[in-house]
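Student: Below are the structure tokens for one structure; questions will follow.
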Amino acid sequence: MTGLLAMLLAPVFASSQEDTPALFLACSEFNDVYRLLAVAEFRVARFDSPAEAVSAAPAEGSVLVMADGYPDVQASLDEEVFQTAAEKNLRMYVEFPTRVPGMALGAPRSTRWERAVVTADFFGNELAEGRILAIHGCRYVPVDAANPLLVMARVAGFDRAVFGIPQDAAPILFKHPNRPILVSTTCLSRFVTARYAPGDAWQRIWRRILAWLDPRLALDAFKYRPVVRPSFDMNAPLPDNAEFLALKRGVNWFFDARLFVNPDWPDDRRSYPERVGPMPGPDWAMGNGSGGMLEGFNSTIHPDGSQDMRWWLRNDCMGEGLMALAFHAKLTGEERSRKTANNLGDFIYFECEATKGPRDDPQNPCFGLMSWDITQSLGVFYGDDNARALLGAMAASALLETERWDKKMLRCMLANLRTTGQLGFRDGRIDEGPLLQNGWQYYFQRKNTHYAPHYESYLLAVHLWAYNQTGYRMFLDRAKSAIRMTMDAYPDQWRWTNGLQQERARMLLCLSWLIRIEDTPEHRAWLDRIASDLLASQAGCGAIREELGKTGSGSFAPPASNEAYGTAEAPLIQENGDPLCDLLYTANFAFLGLHEAAAATGDPRYAEASNRLARFLCRIQIRSEAHPELDGGWFRAFDFERWEYWASNADLGWGAWSIESGWTCGWLNAVFGLRQMNSSLWDLTKDSAIERHFAELQPVMFKGLEDAAP
């Protein structure tokens, strides 16, 4: 990785120059700051040790001592180095040191939720006090230092510490009280490799450090390109086939990220704490879909720039990934995608535990439901996750021209219908224990309400689709009831999950499909109301700004204190107005919903909004030569004003830099596929033969319940 980064940044420049060097560095030739100085042709000289650099520097010169062994090894400095520097009146920058004159350093510590915060005006107006930064995978040496310039602290906020800076904040950068030394207790020079964020802030920080070392330096040339970045700048022209290329790269990411499990892998990291650990090794034989597919990448970034994998085998993610693979196979003719998709579909519906055991027993109340996760959560049934897995399989069946999953799919649709109450609501999840105790009839006969489109709306869309295929009136009646009541409750009674925008985005699909069945002025007005409110926050670049709902109505609100940061699921914004687009919960589902709305109504407003969003998504797709395992994916968070992957990273499980194989990448690739085919999900799947299993399954699923007769 280090060698590749070096090639990306610059060729090696010799330290000897005709003019006297302005900066003397003790570092590796691969150090990020050294490489950037060299490529910009600053007058620099590099040495292997601090003693050599200090010895070579002239009186009044400038020396930087870098911690290239970070995070495991500190920069080794002895008293003689500092004594020589003092005698020559050198200005020094030292990082992650073993020694600082006259100061006691503790043993290195690691961070988890702490973030870097600006605590002085040292960096100018562009980085004011309270500004939040990310030092990924930070390890630092504790020290008691007055008036620090940067600290590490657990703080809430999008890019400013809204609740102030805690008293126990750890100094990260400070001026020595008695000597001209700028001390960093961590490794700031790794900011390119470790992907410190936001990038514009770290460029300013290093320009200010260098200017402090030598005010004569002209630093405009000190700039860099992040090793993980958007594919295109905000206003860059896109190629004519940009969406097709985005789809190809997006599905290739599934393979480059090594998501497909091979049962012969030497290490099953699903046993890791929280099932999060390093991605499969490059020498591990790739799976072919028959062993399932992993969830994606965790948000944590390590000092080498890598990210851990979420070693979860989730039915919803696999179903959505199956769909993306099938689109790729259809549009490119690639056999690898076709075989992997077929294998993955067979794994989901025939091989894995998601549809086996109690879920395959007609006498069991769980019959027909699909487990959320097949390793540790077999008894958890989310209606929404079942719905998204079904939508993925519906699309894949049409694209791959197969009917072999149809019976299991219809069985699941009926299983979710019989655990849906009389008013059409199912609630967020049903667990096996209460389901066995209560029986499915209890859920079927309830008159509960749950105004939460995040959990309900995609299952309502599946009900509408199933009615269109089978003519079974209960699918339609219960879906219409829940949709009407949800619209009557909008917006004040809605229970938002991570934000109100995601609830609007989720509602678009069932409203569009309701128009497919009953095209009435009222149904069009419902769609128009939700879409108009959503698109009121669409930026000129196409991004859809996140928005929080009414206080007290959210399941996962922003952290209400510094101490609450990182303790629960959370939005990516701290307050309305933060320039954030969420690709896990909002933009992905808005992309599908707007596409289906345009197809259902022919309204050019929806088509234009979808086009703008498509261009935005093409631009922000991840590009990285240094990290091919990320190239072609989409992170959850994007700051569309800064044009960078940035947000509050408070979410306990799915933070700003997470990548979901299903929710995000599955749907974005699928909608790009639909657009390439000039089709919609409704039209693509309308010729399904799933109805042929209805006469067999319905009496079994609703046995003994008279009002469930067709």
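Identifiers in the structure tokens: chain A, B, ... in order shown; residue index from 1 per chain; ligand index from 1 in order shown.
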Which residues come within 7 Å of Pro142 of chain A, counting only C-alpha atoms, excluding same-chain residues fewer than 3 positions away, as a ChimeraX atom specification?
Tutor: /A:105-108,170
Student: Could you list, as a list in words, every residue within 10 Å of Arg179 of chain A, counting only C-alpha atoms and ignoring same-chain residues fewer than 6 positions away?
Tutor: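 Once the nearby chain positions are removed, what remains is Phe82, Ala85, Ala86, Asn89, Leu90, Arg91, Met92 and Pro101 of chain A.
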Student: For N, CA and C atoms, I'd like the residues from the last selection saved as a CSV table (one decimal), in the first residue's frame.
Tutor:
chain,number,residue,atom,x,y,z
A,82,PHE,N,17.5,17.4,21.1
A,82,PHE,CA,16.9,18.7,21.5
A,82,PHE,C,17.9,19.7,21.9
A,85,ALA,N,19.4,21.2,18.8
A,85,ALA,CA,18.4,22.1,18.2
A,85,ALA,C,18.3,23.4,18.9
A,86,ALA,N,18.4,23.4,20.3
A,86,ALA,CA,18.3,24.6,21.0
A,86,ALA,C,19.6,25.5,20.8
A,89,ASN,N,19.1,27.1,17.6
A,89,ASN,CA,17.9,27.9,17.6
A,89,ASN,C,17.0,27.5,16.4
A,90,LEU,N,16.8,26.1,16.3
A,90,LEU,CA,16.0,25.6,15.3
A,90,LEU,C,14.5,25.6,15.6
A,91,ARG,N,13.7,25.8,14.6
A,91,ARG,CA,12.3,25.6,14.8
A,91,ARG,C,12.0,24.1,14.5
A,92,MET,N,11.2,23.5,15.3
A,92,MET,CA,11.0,22.0,15.1
A,92,MET,C,9.5,21.7,15.2
A,101,PRO,N,11.2,17.8,25.8
A,101,PRO,CA,12.0,18.4,26.9
A,101,PRO,C,11.1,19.0,28.0
Student: Which residues are near segment 349-359 of chain A? Cut-off 10 Å, only C-alpha atoms, ignore same chain within fewer than 3 positions. Put them as a VMD selection string.
Tutor: chain A and resid 290 to 292 313 to 315 319 343 to 346 362 to 375 377 to 379 381 393 404 to 409 412 415 432
Student: Got a sec to tell me which of segment 264-408 of chain A DSSP assigns to helix (DSSP H, G or I), as a PyMOL selection string?
Tutor: chain A and resi 269-271+273-275+315-332+335-351+353-355+357-360+383-400+406-408
Student: Which one is closest to Phe174 of chain A: A:Leu77, A:Ile209, A:Leu417, A:Leu423? Count only C-alpha atoms.
Tutor: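 Answer, going by the shortest atom-to-atom distance: A:Ile209.
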Student: Find the residues around segment 158-161 of chain A up to 6 Å (only C-alpha atoms counted), leave out those fewer than 5 positions away in its own chain, and share them as a tab-separated table (two decimals) with N, CA, C and O atoms, in the first residue's frame.
Tutor:
chain	number	residue	atom	x	y	z
A	130	GLY	N	-13.43	25.21	17.75
A	130	GLY	CA	-14.60	24.35	17.79
A	130	GLY	C	-14.81	23.54	16.52
A	130	GLY	O	-15.69	22.68	16.48
A	131	ARG	N	-14.00	23.79	15.50
A	131	ARG	CA	-14.13	23.04	14.26
A	131	ARG	C	-13.70	21.58	14.49
A	131	ARG	O	-12.67	21.30	15.10
A	132	ILE	N	-14.49	20.65	13.96
A	132	ILE	CA	-14.25	19.22	14.16
A	132	ILE	C	-13.53	18.64	12.96
A	132	ILE	O	-13.85	18.96	11.81
A	573	ILE	N	-26.48	14.19	10.43
A	573	ILE	CA	-26.45	15.62	10.69
A	573	ILE	C	-26.71	15.87	12.17
A	573	ILE	O	-27.27	15.01	12.88
A	574	GLN	N	-26.32	17.04	12.63
A	574	GLN	CA	-26.61	17.43	14.01
A	574	GLN	C	-27.84	18.31	14.06
A	574	GLN	O	-28.61	18.27	15.02
A	647	ALA	N	-19.30	13.80	7.54
A	647	ALA	CA	-20.54	13.96	8.31
A	647	ALA	C	-20.23	13.75	9.77
A	647	ALA	O	-19.09	13.43	10.15
A	648	SER	N	-21.24	13.91	10.59
A	648	SER	CA	-21.15	13.42	11.96
A	648	SER	C	-21.08	11.89	11.89
A	648	SER	O	-21.88	11.27	11.20
Student: Please measure the separation of atom CA of Ala389 of chain A and atom CA of Asp316 of chain A, giving the value in Å to one decimal.
Tutor: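 Interatomic distance here is 4.5 Å.
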Student: So that I can see what lies close to Val81 of chain A, please list as a CSV table (one decimal) with N, CA, C and O atoms, in the first residue's frame the residues with an atom at most 8 Å from it, counting only C-alpha atoms and leaving out residues fewer than 3 positions away in the same chain.
Tutor:
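For reference, result.csv as written:
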chain,number,residue,atom,x,y,z
A,50,PRO,N,16.4,11.7,13.4
A,50,PRO,CA,16.3,13.1,13.9
A,50,PRO,C,17.7,13.7,14.1
A,50,PRO,O,17.9,14.9,13.8
A,51,ALA,N,18.6,12.9,14.6
A,51,ALA,CA,19.9,13.4,14.9
A,51,ALA,C,20.6,13.9,13.6
A,51,ALA,O,21.2,15.0,13.5
A,54,VAL,N,18.8,17.3,12.4
A,54,VAL,CA,19.2,18.4,13.3
A,54,VAL,C,20.6,18.8,13.0
A,54,VAL,O,21.0,20.0,13.0
A,77,LEU,N,13.5,10.3,20.0
A,77,LEU,CA,14.3,11.5,20.1
A,77,LEU,C,15.0,11.4,21.5
A,77,LEU,O,14.4,11.1,22.5
A,78,ASP,N,16.3,11.7,21.5
A,78,ASP,CA,17.0,11.8,22.8
A,78,ASP,C,17.3,13.2,23.2
A,78,ASP,O,17.1,14.1,22.4
A,84,THR,N,21.0,20.0,20.8
A,84,THR,CA,21.6,20.6,19.6
A,84,THR,C,20.7,21.5,18.9
A,84,THR,O,21.1,22.6,18.4
A,85,ALA,N,19.4,21.2,18.8
A,85,ALA,CA,18.4,22.1,18.2
A,85,ALA,C,18.3,23.4,18.9
A,85,ALA,O,18.2,24.5,18.3
Student: Would you mind listing what lies within 10 Å of Pro177 of chain A as a list in words, with only C-alpha atoms counted and same-chain residues fewer than 5 positions away left out?
Tutor: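 Selected residues are Pro101, Gly102, Met103, Ala145, Ala146, Asn147 and Leu182 of chain A.
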Student: Could you write out that same residue set with N, CA, C and O atoms as a PDB file, in the first residue's frame?
Tutor:
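The resulting file, selection.pdb, is reproduced below:
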ATOM      1  N   PRO A 101      11.220  17.820  25.770  1.00  0.00           N
ATOM      2  CA  PRO A 101      11.996  18.415  26.877  1.00  0.00           C
ATOM      3  C   PRO A 101      11.102  19.008  27.965  1.00  0.00           C
ATOM      4  O   PRO A 101      10.182  19.788  27.681  1.00  0.00           O
ATOM      5  N   GLY A 102      11.367  18.577  29.197  1.00  0.00           N
ATOM      6  CA  GLY A 102      10.687  19.155  30.337  1.00  0.00           C
ATOM      7  C   GLY A 102       9.238  18.760  30.496  1.00  0.00           C
ATOM      8  O   GLY A 102       8.528  19.352  31.323  1.00  0.00           O
ATOM      9  N   MET A 103       8.773  17.753  29.753  1.00  0.00           N
ATOM     10  CA  MET A 103       7.370  17.362  29.827  1.00  0.00           C
ATOM     11  C   MET A 103       7.276  15.847  29.989  1.00  0.00           C
ATOM     12  O   MET A 103       8.059  15.099  29.388  1.00  0.00           O
ATOM     13  N   ALA A 145      -0.529  19.741  28.645  1.00  0.00           N
ATOM     14  CA  ALA A 145      -0.044  20.887  27.865  1.00  0.00           C
ATOM     15  C   ALA A 145      -1.089  21.991  27.893  1.00  0.00           C
ATOM     16  O   ALA A 145      -2.268  21.751  27.612  1.00  0.00           O
ATOM     17  N   ALA A 146      -0.644  23.190  28.216  1.00  0.00           N
ATOM     18  CA  ALA A 146      -1.555  24.329  28.269  1.00  0.00           C
ATOM     19  C   ALA A 146      -1.777  24.892  26.866  1.00  0.00           C
ATOM     20  O   ALA A 146      -0.904  24.815  25.996  1.00  0.00           O
ATOM     21  N   ASN A 147      -2.955  25.431  26.646  1.00  0.00           N
ATOM     22  CA  ASN A 147      -3.290  26.146  25.412  1.00  0.00           C
ATOM     23  C   ASN A 147      -3.008  25.334  24.142  1.00  0.00           C
ATOM     24  O   ASN A 147      -2.318  25.808  23.229  1.00  0.00           O
ATOM     25  N   LEU A 182       6.904  22.728  17.895  1.00  0.00           N
ATOM     26  CA  LEU A 182       5.495  22.406  17.712  1.00  0.00           C
ATOM     27  C   LEU A 182       5.378  20.897  17.895  1.00  0.00           C
ATOM     28  O   LEU A 182       5.993  20.120  17.149  1.00  0.00           O
TER      29      LEU A 182
END
Student: If we count only C-alpha atoms and set the cut-off at 6 Å, which residues sit around Val63 of chain A, ignoring sequence neighbours fewer than 5 positions away in its own chain? Please answer as a CSV table (one decimal) with N, CA and C atoms, in the first residue's frame.
Tutor:
chain,number,residue,atom,x,y,z
A,23,LEU,N,13.6,23.2,4.5
A,23,LEU,CA,13.1,22.3,5.5
A,23,LEU,C,14.0,21.0,5.5
A,24,PHE,N,14.3,20.6,6.8
A,24,PHE,CA,15.0,19.4,7.0
A,24,PHE,C,14.1,18.3,7.7
A,25,LEU,N,13.9,17.2,7.0
A,25,LEU,CA,12.9,16.2,7.5
A,25,LEU,C,13.6,14.9,7.9
A,92,MET,N,11.2,23.5,15.3
A,92,MET,CA,11.0,22.0,15.1
A,92,MET,C,9.5,21.7,15.2
Student: When DSSP is applied to the backbone of this structure, which of segment 213-364 of chain A are assigned strand (DSSP E or B)? Write them out as a PyMOL selection string.
Tutor: chain A and resi 229-230+260+276-277+293+296-301+307-310+314
Student: Create the file for the chosen residues now, containing all heavy atoms and written as a CSV table (one decimal), in the first residue's frame.
Tutor:
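Saved to again10.csv:
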chain,number,residue,atom,x,y,z
A,229,ARG,N,-11.7,9.4,-3.2
A,229,ARG,CA,-12.3,10.6,-3.6
A,229,ARG,C,-13.5,10.4,-4.5
A,229,ARG,O,-13.6,9.3,-5.0
A,229,ARG,CB,-11.2,11.5,-4.3
A,229,ARG,CG,-10.7,10.8,-5.6
A,229,ARG,CD,-9.5,11.5,-6.2
A,229,ARG,NE,-9.1,10.8,-7.4
A,229,ARG,CZ,-8.4,9.7,-7.4
A,229,ARG,NH1,-8.0,9.1,-6.3
A,229,ARG,NH2,-8.0,9.2,-8.6
A,230,PRO,N,-14.3,11.4,-4.7
A,230,PRO,CA,-15.4,11.3,-5.7
A,230,PRO,C,-14.8,11.1,-7.1
A,230,PRO,O,-13.7,11.5,-7.4
A,230,PRO,CB,-16.1,12.6,-5.5
A,230,PRO,CG,-15.7,13.2,-4.2
A,230,PRO,CD,-14.3,12.7,-4.0
A,260,PHE,N,-18.1,-12.1,-1.6
A,260,PHE,CA,-18.7,-13.4,-1.8
A,260,PHE,C,-18.0,-14.5,-1.0
A,260,PHE,O,-16.8,-14.7,-1.2
A,260,PHE,CB,-18.8,-13.8,-3.2
A,260,PHE,CG,-19.6,-12.8,-4.0
A,260,PHE,CD1,-19.0,-11.9,-4.9
A,260,PHE,CD2,-21.0,-12.7,-3.8
A,260,PHE,CE1,-19.7,-11.0,-5.6
A,260,PHE,CE2,-21.7,-11.8,-4.5
A,260,PHE,CZ,-21.1,-10.9,-5.4
A,276,VAL,N,-17.2,-7.8,13.1
A,276,VAL,CA,-16.5,-6.7,12.3
A,276,VAL,C,-15.0,-7.1,12.4
A,276,VAL,O,-14.5,-7.2,13.5
A,276,VAL,CB,-16.8,-5.3,12.9
A,276,VAL,CG1,-15.9,-4.3,12.2
A,276,VAL,CG2,-18.2,-5.0,12.7
A,277,GLY,N,-14.4,-7.2,11.3
A,277,GLY,CA,-12.9,-7.5,11.2
A,277,GLY,C,-12.3,-7.3,9.9
A,277,GLY,O,-13.1,-6.9,8.9
A,293,MET,N,-23.2,-13.6,0.7
A,293,MET,CA,-22.5,-12.3,0.5
A,293,MET,C,-22.5,-11.5,1.7
A,293,MET,O,-23.4,-11.4,2.5
A,293,MET,CB,-23.2,-11.6,-0.6
A,293,MET,CG,-22.5,-10.3,-1.1
A,293,MET,SD,-23.5,-9.4,-2.3
A,293,MET,CE,-24.7,-8.6,-1.3
A,296,GLY,N,-20.8,-5.6,3.9
A,296,GLY,CA,-20.1,-4.4,3.4
A,296,GLY,C,-19.0,-3.9,4.4
A,296,GLY,O,-18.5,-4.7,5.2
A,297,PHE,N,-18.7,-2.7,4.3
A,297,PHE,CA,-17.6,-2.1,5.1
A,297,PHE,C,-18.1,-1.3,6.3
A,297,PHE,O,-19.0,-0.5,6.2
A,297,PHE,CB,-16.7,-1.2,4.2
A,297,PHE,CG,-15.8,-2.0,3.3
A,297,PHE,CD1,-16.1,-2.1,2.0
A,297,PHE,CD2,-14.6,-2.5,3.8
A,297,PHE,CE1,-15.2,-2.8,1.2
A,297,PHE,CE2,-13.7,-3.3,3.0
A,297,PHE,CZ,-14.0,-3.4,1.7
A,298,ASN,N,-17.5,-1.5,7.4
A,298,ASN,CA,-17.7,-0.7,8.6
A,298,ASN,C,-17.1,0.7,8.4
A,298,ASN,O,-16.2,0.9,7.5
A,298,ASN,CB,-17.0,-1.4,9.8
A,298,ASN,CG,-17.3,-0.7,11.1
A,298,ASN,OD1,-16.5,0.1,11.5
A,298,ASN,ND2,-18.4,-1.0,11.7
A,299,SER,N,-17.6,1.7,9.2
A,299,SER,CA,-17.2,3.0,9.0
A,299,SER,C,-15.8,3.4,9.5
A,299,SER,O,-15.2,4.4,9.1
A,299,SER,CB,-18.2,4.0,9.6
A,299,SER,OG,-17.9,5.3,9.4
A,300,THR,N,-15.2,2.6,10.4
A,300,THR,CA,-13.9,2.8,11.0
A,300,THR,C,-12.8,2.8,9.9
A,300,THR,O,-12.7,1.8,9.2
A,300,THR,CB,-13.6,1.9,12.1
A,300,THR,OG1,-14.7,2.0,13.1
A,300,THR,CG2,-12.3,2.2,12.8
A,301,ILE,N,-11.9,3.8,9.9
A,301,ILE,CA,-10.8,3.8,9.0
A,301,ILE,C,-9.5,3.7,9.8
A,301,ILE,O,-9.4,4.3,10.9
A,301,ILE,CB,-10.8,5.1,8.2
A,301,ILE,CG1,-12.0,5.2,7.4
A,301,ILE,CG2,-9.5,5.2,7.3
A,301,ILE,CD1,-12.2,6.6,6.7
A,307,GLN,N,-10.3,-0.3,5.8
A,307,GLN,CA,-11.5,-0.4,6.6
A,307,GLN,C,-11.9,-1.8,6.9
A,307,GLN,O,-11.6,-2.7,6.0
A,307,GLN,CB,-12.7,0.3,5.9
A,307,GLN,CG,-12.5,1.8,5.8
A,307,GLN,CD,-13.6,2.5,5.1
A,307,GLN,OE1,-13.4,3.2,4.1
A,307,GLN,NE2,-14.9,2.2,5.5
A,308,ASP,N,-12.5,-2.1,8.0
A,308,ASP,CA,-12.9,-3.4,8.4
A,308,ASP,C,-14.2,-3.8,7.6
A,308,ASP,O,-15.0,-2.9,7.2
A,308,ASP,CB,-13.1,-3.6,9.9
A,308,ASP,CG,-11.9,-3.7,10.6
A,308,ASP,OD1,-10.8,-4.0,10.0
A,308,ASP,OD2,-11.9,-3.4,11.9
A,309,MET,N,-14.4,-5.1,7.5
A,309,MET,CA,-15.6,-5.6,6.9
A,309,MET,C,-16.7,-5.9,7.9
A,309,MET,O,-16.3,-6.3,9.0
A,309,MET,CB,-15.3,-6.9,6.1
A,309,MET,CG,-16.4,-7.4,5.2
A,309,MET,SD,-16.5,-6.4,3.7
A,309,MET,CE,-15.1,-7.0,2.7
A,310,ARG,N,-17.9,-5.7,7.6
A,310,ARG,CA,-19.0,-6.2,8.4
A,310,ARG,C,-19.3,-7.6,8.0
A,310,ARG,O,-19.9,-7.9,6.9
A,310,ARG,CB,-20.3,-5.3,8.3
A,310,ARG,CG,-20.1,-3.9,8.9
A,310,ARG,CD,-21.4,-3.1,8.9
A,310,ARG,NE,-22.4,-3.8,9.6
A,310,ARG,CZ,-22.6,-3.7,10.9
A,310,ARG,NH1,-21.8,-3.0,11.7
A,310,ARG,NH2,-23.7,-4.3,11.5
A,314,ARG,N,-26.7,-11.0,5.8
A,314,ARG,CA,-28.0,-10.5,5.9
A,314,ARG,C,-28.9,-10.8,4.7
A,314,ARG,O,-28.5,-10.5,3.6
A,314,ARG,CB,-28.0,-9.0,6.2
A,314,ARG,CG,-27.4,-8.6,7.6
A,314,ARG,CD,-27.3,-7.1,7.8
A,314,ARG,NE,-28.5,-6.4,7.4
A,314,ARG,CZ,-28.8,-5.1,7.7
A,314,ARG,NH1,-27.9,-4.5,8.5
A,314,ARG,NH2,-29.8,-4.5,7.3
Student: In terms of the shortest atom-to-atom distance over only C-alpha atoms, which of A:Ala489, A:Ala650, A:Ala156, A:Leu583 is closest to His450 of chain A?
Tutor: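 Of the candidates, the smallest distance to His450 of chain A is held by A:Ala489.
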Student: Just to confirm, what's the straight-line distance from atom CA of Leu410 of chain A to atom CA of Ser688 of chain A in Å (one decimal)?
Tutor: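 Here the two named atoms are 11.1 Å from each other.
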